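Notes follow once the structure below has been shown.
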Amino acid sequence: MTSRKTPIAGGATVSAMLPSSADATASDAPVLSLQHAAKAFGAVQALQDVSLELFGGEAHAVVGENGAGKSTLVKILAGVHQPDSGTLLVGGNELVLAGPAGAIAAGVAIIYQEPTLFPDLSVAENVYIGRQPLRRGRRIDHREMHTRVSELLERLGVSLDPDRIARGLSIAEQQIVEIAKALSIDAKVIVMDEPTAALSAAEVTRLFGVVKALRDHGTAVLFISHRLEEVFDLCQRVTVLRDGRLVLTQETATITVEEIVRAMVGRDIAARVHEPHQRGEAVLAVQRLTREGVFVDISLEVCAGEVVALAGLVGSGRSEVARAIFGIDRYDAGAVTIDGKPLRRTSPSAAMAAGIGFVPEDRRQQGLVMDMGIARNIALASLRRLRRYGLLFGGVEQRFAADWAKRLQLKYRRLSDPATSLSGGNQQKVVLAKWLSRQPRLLIVDEPTRGIDVGTKAEVHRLLVALARDGVAVLVISSELPEVLAVADRVGVMREGRLVALIERDDATEESIVAAATGQAPPSGPTKASAL
Amino acid sequence: MSAATADPQPLELPSGQTRFVDLVLRARTFGIVVVLAIVVFGTAAVQSRFLDSSSIQFILADATIFAVIAVGEAMVIITRNVDLSVGSVVGLSAFLSASTFQHIPGIPIFAVFFVGLAIGAGCGLVTGLVSAIGRIPSLVVTLAMLYIIRAVDILIVGGSQVTTGQVPRGFLAIFTDSLLGIPDIAIGAAVLVAIAYYYMRSFRSGRDLYAIGSDPEAARRAGVPIAKRVVTAFVISGALAGLGGVLYAVQIGTIDSTAGTGYELQVIAAVVVGGVAIFGGSGNVVGAALGALLLGTITSALYVLGINQDWDEALQGALLLLAISLDRGIQAQLANALRRRRVRLGA
Amino acid sequence: MEPDANLGAVASALAGGEGSTPQAGPEPLRGRRVGGRLAPLLRWESGLIVVLALVVLLGEQASTTFLSSSYLFSSVFNLTGEVAIMSLPMTLIIITGEIDLSVASTLGLSSALLGYLYNPLGPHWPLGLVFVTLLAMGAVTGAFNGFLITRLGLPSLAVTIGTLTLYRGIAVGVLGENTISTFPSFYTNIGVNPVPGLPFLSWSFAIFLVLAVIFGVVLHMTPLGRSLFAIGANKEAAQFAGIRVKRTKFLLYLLSGVICAFAGILYTFRLNTSVSNNGLGLELTVVATALLAGVSIFGGKGTIIGVLLANLVFAGLQGALYLTSFNEEAFGIVTGGLLLISVLAPNGPELWRRGREGLRRQQRLHRRSTMGKQS
């Protein structure tokens with residue numbers, strides 16, 4: 001194992017190691033050019049007349065609401081789909097990508113939102129699968145492969161044993177391996193699809209350093225993201241898609257966030273104004289809840305009529321606390337009481353019986369049964385109540401679901417359509433309907449608007465505040481500070497498994513929350529943040 | 001120091017941990033050897049004639065059929081598929097290859113081996129194509145093929161059978177011929193296993209099989225030609241089952257329409273006991289062959305120890321369950337160890 | 001369930017937000033959409049009905065005795081009662097995304113124990129006690145499967161291949177080469193006499209029909225049934241909705257064990273034979289029946305009506321073919337063929353579409369210059 005390189009900060013170290021191209025700034029001819037691409041799936045026109053140019057050495061953002069066409073664009077560049085019309089030029093040559101192998105051969109690498117490595121293969125093999133260096137007789141040269149991957153990982157400032165199997169690597173580590181793979185194919189274009197969704201702040205910083213180094217090297221980076229702050233941080237130009245069409249492409253230096261949002265949505269989204277209201281009795285009381293190695297000594301109260309947000313960096317243990325309260329995960333010490341009554345059994349059914357609802361973090365895997373119909377999904381948690389003489393008679397689920405779909409202004413075609421037919425925002429509404437229809441005393445929502453378009457985001461925020469006004473105790477876990485500030489009456493901050501601060505609304509600012517989340521001293525100025 | 005510039009800790013896995021992971025995985029294959037040794041020497045302690053050369057020869061020769069088929073089955077299972085049709089292929093191949101001696105008198109013996117291989121490969125090709133093109137789970141396809149091939153076999157065999165008098169003596173002698181005390185066919189099987197192992201380790205297409213089983217979606221994204229590889233795996237599995245059929249004829253001599261019935265389950269048991277995960281992506285053909293050898297040794301051990309052979313099948317079932325439980329236990333421990341020691345970055 | 005007036009504030013909250021575009025209300029649920037909702041379901045079952053009709057035609061062509069009560073009894077319904085009964089819990093298990101290949105071995109073990117315990121030359125237990133013991137044994141074998149699969153989290157395919165071998169092995173160990181054929185005629189008559197009043201219907205198939213109604217109601221009209229579909233479609237989401245996945249699966253395997261043990265009793269009495277290889281290989285027929293019934297091997301889909309129809313198709317086809325010159329030992333071709341068709345058929349339109357798209361892609365590739373390597 002070679003000596004450790006100093007860790008990346010701001011990309012300076014890495015770019016010193018990569019050979020810099022003759023001109024580090026963006027070159028004149030586009031590395032990749034998509035012209036008038038169109039793609040339809042059945043009756044749905046996913047992309048229409050989209051033209052995009054990528055230049056070497058630039059990071060180019062693509063933003064848009066769900067359903068705007070971003071993922072279709074990625075799939076076309078990945079060679080998974082072929083456009084119905086339009087041309088793709090790579091390096092000036094017109095190409096038709098016959099499949100993923102074609103994209104790789106053309107020098108286009110995709111880093112997906114959830115990088116999928118082969119868990120049973122080694123890191124080195126993951127980088128070189130299908131392209132392993134060969135010896136005589138077409139046999140794999142294991143030693144050469146090991147050496148090359150070691151070098152690549154060094155370039156990225158990462159110490160990872162190339163022969164270690166991929167099982168057990170964190171998402172951040174997996175992304176680095178994917179990037180190493182992209183480097184190994186000498187990719188001219190690297191497409192990153194929502195890469196920061198599951199990373200901690202430090203991991204994001206490292207990733208940005210790597211991207212900047214790639215840029216300096218002359219690679220074109222296409223950056224798909226919902227997080228507009230990151231777009232301005234990292235990218236030179238931004239393209240906005242809406243409903244399958246290209247709305248604008250502009251330099252980030254000459255555009256504002258509001259203009260981008262307006263282009264994405266087509267209308268202005270005003271900031272929500274918080275309305276003060278009465279706080280009732282404590283509904284949820286968590287006392288010294290502990291799970292070894294995950295969270296320690298968590299004590300917290302959520303009263304009827306208030307929204308408590310749990311902020312903190314990814315990995316600080318917030319979701320785990322929520323899951324322990326709901327009974328999905330067990331805990332080692334401490335107690336949970338609802339309305340004064342202790343919750344003894346750790347199981348979701350016991351939690352539900354006590355009046356807890358839980359909207360999980362992963363909508364597609366945990367919140368919904370995607371292949372099941374909308375009505376069945378909404379009714380899934382309320383079946384006991386819908387039966388008569390033990391049976392579910394015809395249509396009762398439909399009527400139940402239709403009622404709740406109306407209340408939440410769900411946009412759907414037929415209630416029997418599968419949940420996959422809905423947009424991300426409407427899917428989240430289905431999950432919310434499922435839990436609201438149980439009239440919970442406490443609603444826990446983990447990342448309420450992850451991957452949701454701006455318009456529905458605002459609706460969900462209004463909904464959460466309205467719930468509190470109606471007397472429900474609401475616990476929100478969120479990694480988006482604007483969201484936390486928009487809905488919360490109190491903000492709890494977790495860091496490395498501990499609850500380190502409980503900040504009242506008036507004192508909650510981005511700075512104070514971040515300070516608590518990263519363990520710094522709070523910024524100077526009047527603060528009534530109570531550190532625990 | 002604000003959050004934005006906090007130094008993230010470098011990614012590093014302590015080198016000791018890597019070795020631990022590797023060690024555990026290699027130990028799995030080694031573990032079968034250990035168990036095998038225990039069974040052999042344990043039985044020999046009670047009944048010393050178990051280690052007689054004739055006894056060892058018989059065990060090796062007897063296990064060869066299953067070891068050969070297990071190699072092919074292992075390759076299929078590693079791709080996250082399963083081949084339930086191997087028993088029927090054995091039956092069909094055994095009958096057809098043995099009866100070529102009647103239809104083509106004077107045919108050289110090695111040609112008959114090719115006939116068996118070809119028949120098996122043909123069956124495997126059909127299975128693979130239907131599975132890959134139709135995008136049907138292999139459990140279902142090979143289940144159907146199990147029925148269909150067996151029925152074809154029945155139709156062809158009719159009520160007749162091939163008996164030992166109808167094949168050349170040299171053919172049957174293959175079973176008993178040996179070199180330095182080790183049966184020829186066992187040596188052949190060992191060579192086959194070695195070739196297959198080397199192929200799976202050092203050739204791109206071999207590594208692709210592991211990739212497909214480890215994560216089919218990632219394999220697709222990486223441009224691995226999944227259909228081609230899976231069809232190839234089925235063709236090899238079929239061919240080796242066909243070869244097993246010829247070996248069956250060599251060993252048993254009398255072949256009717258029931259030849260090979262139930263073999264698929266025994267082979268799968270051998271493969272799983274040998275360390276190949278039923279969900280694919282890990283394990284190797286050496287383990288699979290050793291698994292076949294182990295199961296065969298146990299059967300012989302029971303006979304030598306005078307234990308009622310009626311309980312042999314029950315014992316094999318128990319062993320299979322034990323192997324699966326053990327593997328899952330090892331995997332869980334591994335995952336825990338890796339998770340707990342992973343450095344939390346910047347959290 | 002009455003909508004809560006308070007939470008009606010929800011709707012106004014959504015509408016009252018500043019700057020939101022007026023949302024169009026959801027499409028009105030058009031009246032009796034029942035047909036539309038059931039449409040995809042009915043397609044498969046209708047197909048089975050058509051096949052069944054063809055089978056009947058085939059039988060009638062082969063011989064006019066096909067539809068006679070005595071023939072239907074002796075060569076259709078009497079032969080398939082046990083498989084049909086076992087296909088019911090198998091269907092539920094497959095819907096939850098698992099499988100149970102040990103069903104025939106449980107049947108065989110039950111049969112072997114029945115002979116062993118009742119044997120006049122052996123223990124000769126009273127039959128009542130034997131029945132209770134056998135059902136208990138079924139519960140134990142089923143619970144063992146359930147334990148390994150839910151508690152230890154082992155894959156059901158591998159586990160039930162193991163228990164298939166183990167249980168059959170125990171049957172062989174218990175009974176060896178022996179055969180017991182001395183059961184009282186009161187019981188063995190179930191294989192000889194039809195149900196009174198319905199001369200074509202065998203007792204075993206009648207029991208199947210009763211069980212099918214019960215299973216059908218549970219599967220399609222109870223929360224438990226809904227939970228099975230949810231578990232099969234997405235286990236994790238089912239857990240998050242409060243469904244007790246492990247407990248449910250465990251109970252399904254327990255049920256399967258008991259029912260297969262019961263089927264073993266019926267099987268033994270019908271043949272008046274208890275021998276260690278009773279039911280050998282039947283598990284594959286049971287799985288084939290479930291798949292033919294339209295139950296998806298991936299889980300999450302299936303109907304009891306389909307199971308009923310599939311059993312009728314299999315039984316009828318066997319009975320019909322017997323009247324022709326078709327070699328009945330080669331019936332496997334039919335089973336295998338039906339199996340393949342039943343999984344290819346739903347994929348049919350999809351395959352057709354992909355084939356056409358592939359052709360179109362080839363045309364496009366030929367028309368342009370390409371640098372990308374073909375995979």
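Naming works like this for the structure tokens: A, B, ... for the chains as they're shown, residue 1 at the start of each chain, ligands 1 onward in shown order.
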Could you give me, as a ChimeraX atom specification, the residues within 9 Å of Ala121 of chain B, counting only C-alpha atoms and dropping anything in the same chain fewer than 2 positions from it? /B:116-119,123-126,234-242
Close residues, segment 138-152 of chain A itself excluded, 10 Å, only C-alpha atoms, min 4 positions apart in chain, as an MDAnalysis selection string: (chainID A and resid 1:2 122:128 131:134 156:163 176:177 179:181 183:184) or (chainID B and resid 198:199 201:204 207)
Find the spatial neighbours of Val35 of chain B, counting only C-alpha atoms, within a cut-off of 12 Å - ignore same-chain residues fewer than 6 positions away - and output them as a list of chain:residue names. B:Ala27, B:Arg28, B:Thr29, B:Phe41, B:Gly42, B:Val273, B:Gly274, B:Leu290, B:Gly291, B:Leu293, B:Leu294, B:Leu295, B:Thr297, B:Ile298, B:Leu319, B:Ala323
Would you kindly report the residues of chain A within 7 Å of chain C, using only C-alpha atoms, as a count of residues only? 44
Using only C-alpha atoms, which of B:Leu129, B:Ala218, B:Ala233, B:Leu179 sits nearest chain A? B:Ala218
For chain C, report every residue with an atom at most 7 Å from chain B (counting only C-alpha atoms), formatted as JSON, numbers by chain. {"C": [154, 158, 159, 162, 163, 165, 166, 167, 168, 169, 170, 172, 173, 176, 329, 330, 331, 332, 333, 335, 336, 337, 339, 340, 343, 344, 375]}
Would you mind listing what lies within 8 Å of Gly280 of chain A as JSON, numbers by chain, with only C-alpha atoms counted and same-chain residues fewer than 6 positions away left out? {"A": [303, 304, 305, 306, 471]}
Given the selection you just returned, output its residues as a file containing N, CA and C atoms, formatted as a compact mmCIF listing (two decimals), in the first residue's frame.
```txt
# COMPACT_ATOMS: atom_id res chain seq x y z
N CYS A 303 -44.89 18.21 20.64
CA CYS A 303 -46.22 18.48 21.16
C CYS A 303 -47.25 18.54 20.03
N ALA A 304 -48.49 18.33 20.44
CA ALA A 304 -49.56 18.47 19.47
C ALA A 304 -49.55 19.89 18.95
N GLY A 305 -49.70 20.05 17.66
CA GLY A 305 -49.78 21.39 17.11
C GLY A 305 -48.45 22.00 16.74
N GLU A 306 -47.36 21.26 16.86
CA GLU A 306 -46.09 21.85 16.47
C GLU A 306 -45.36 20.96 15.48
N GLY A 471 -53.67 20.07 15.10
CA GLY A 471 -53.42 19.38 16.35
C GLY A 471 -52.55 18.15 16.26
```
Can you list every residue in segment 277-501 of chain A that DSSP puts in strand (DSSP E or B), as a count of residues only? 61
Using Å and a single decimal, report how far atom CA of Leu271 of chain C sits from atom CA of Ser204 of chain C.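 Atom CA of Leu271 of chain C lies at a distance of 12.3 Å from atom CA of Ser204 of chain C.
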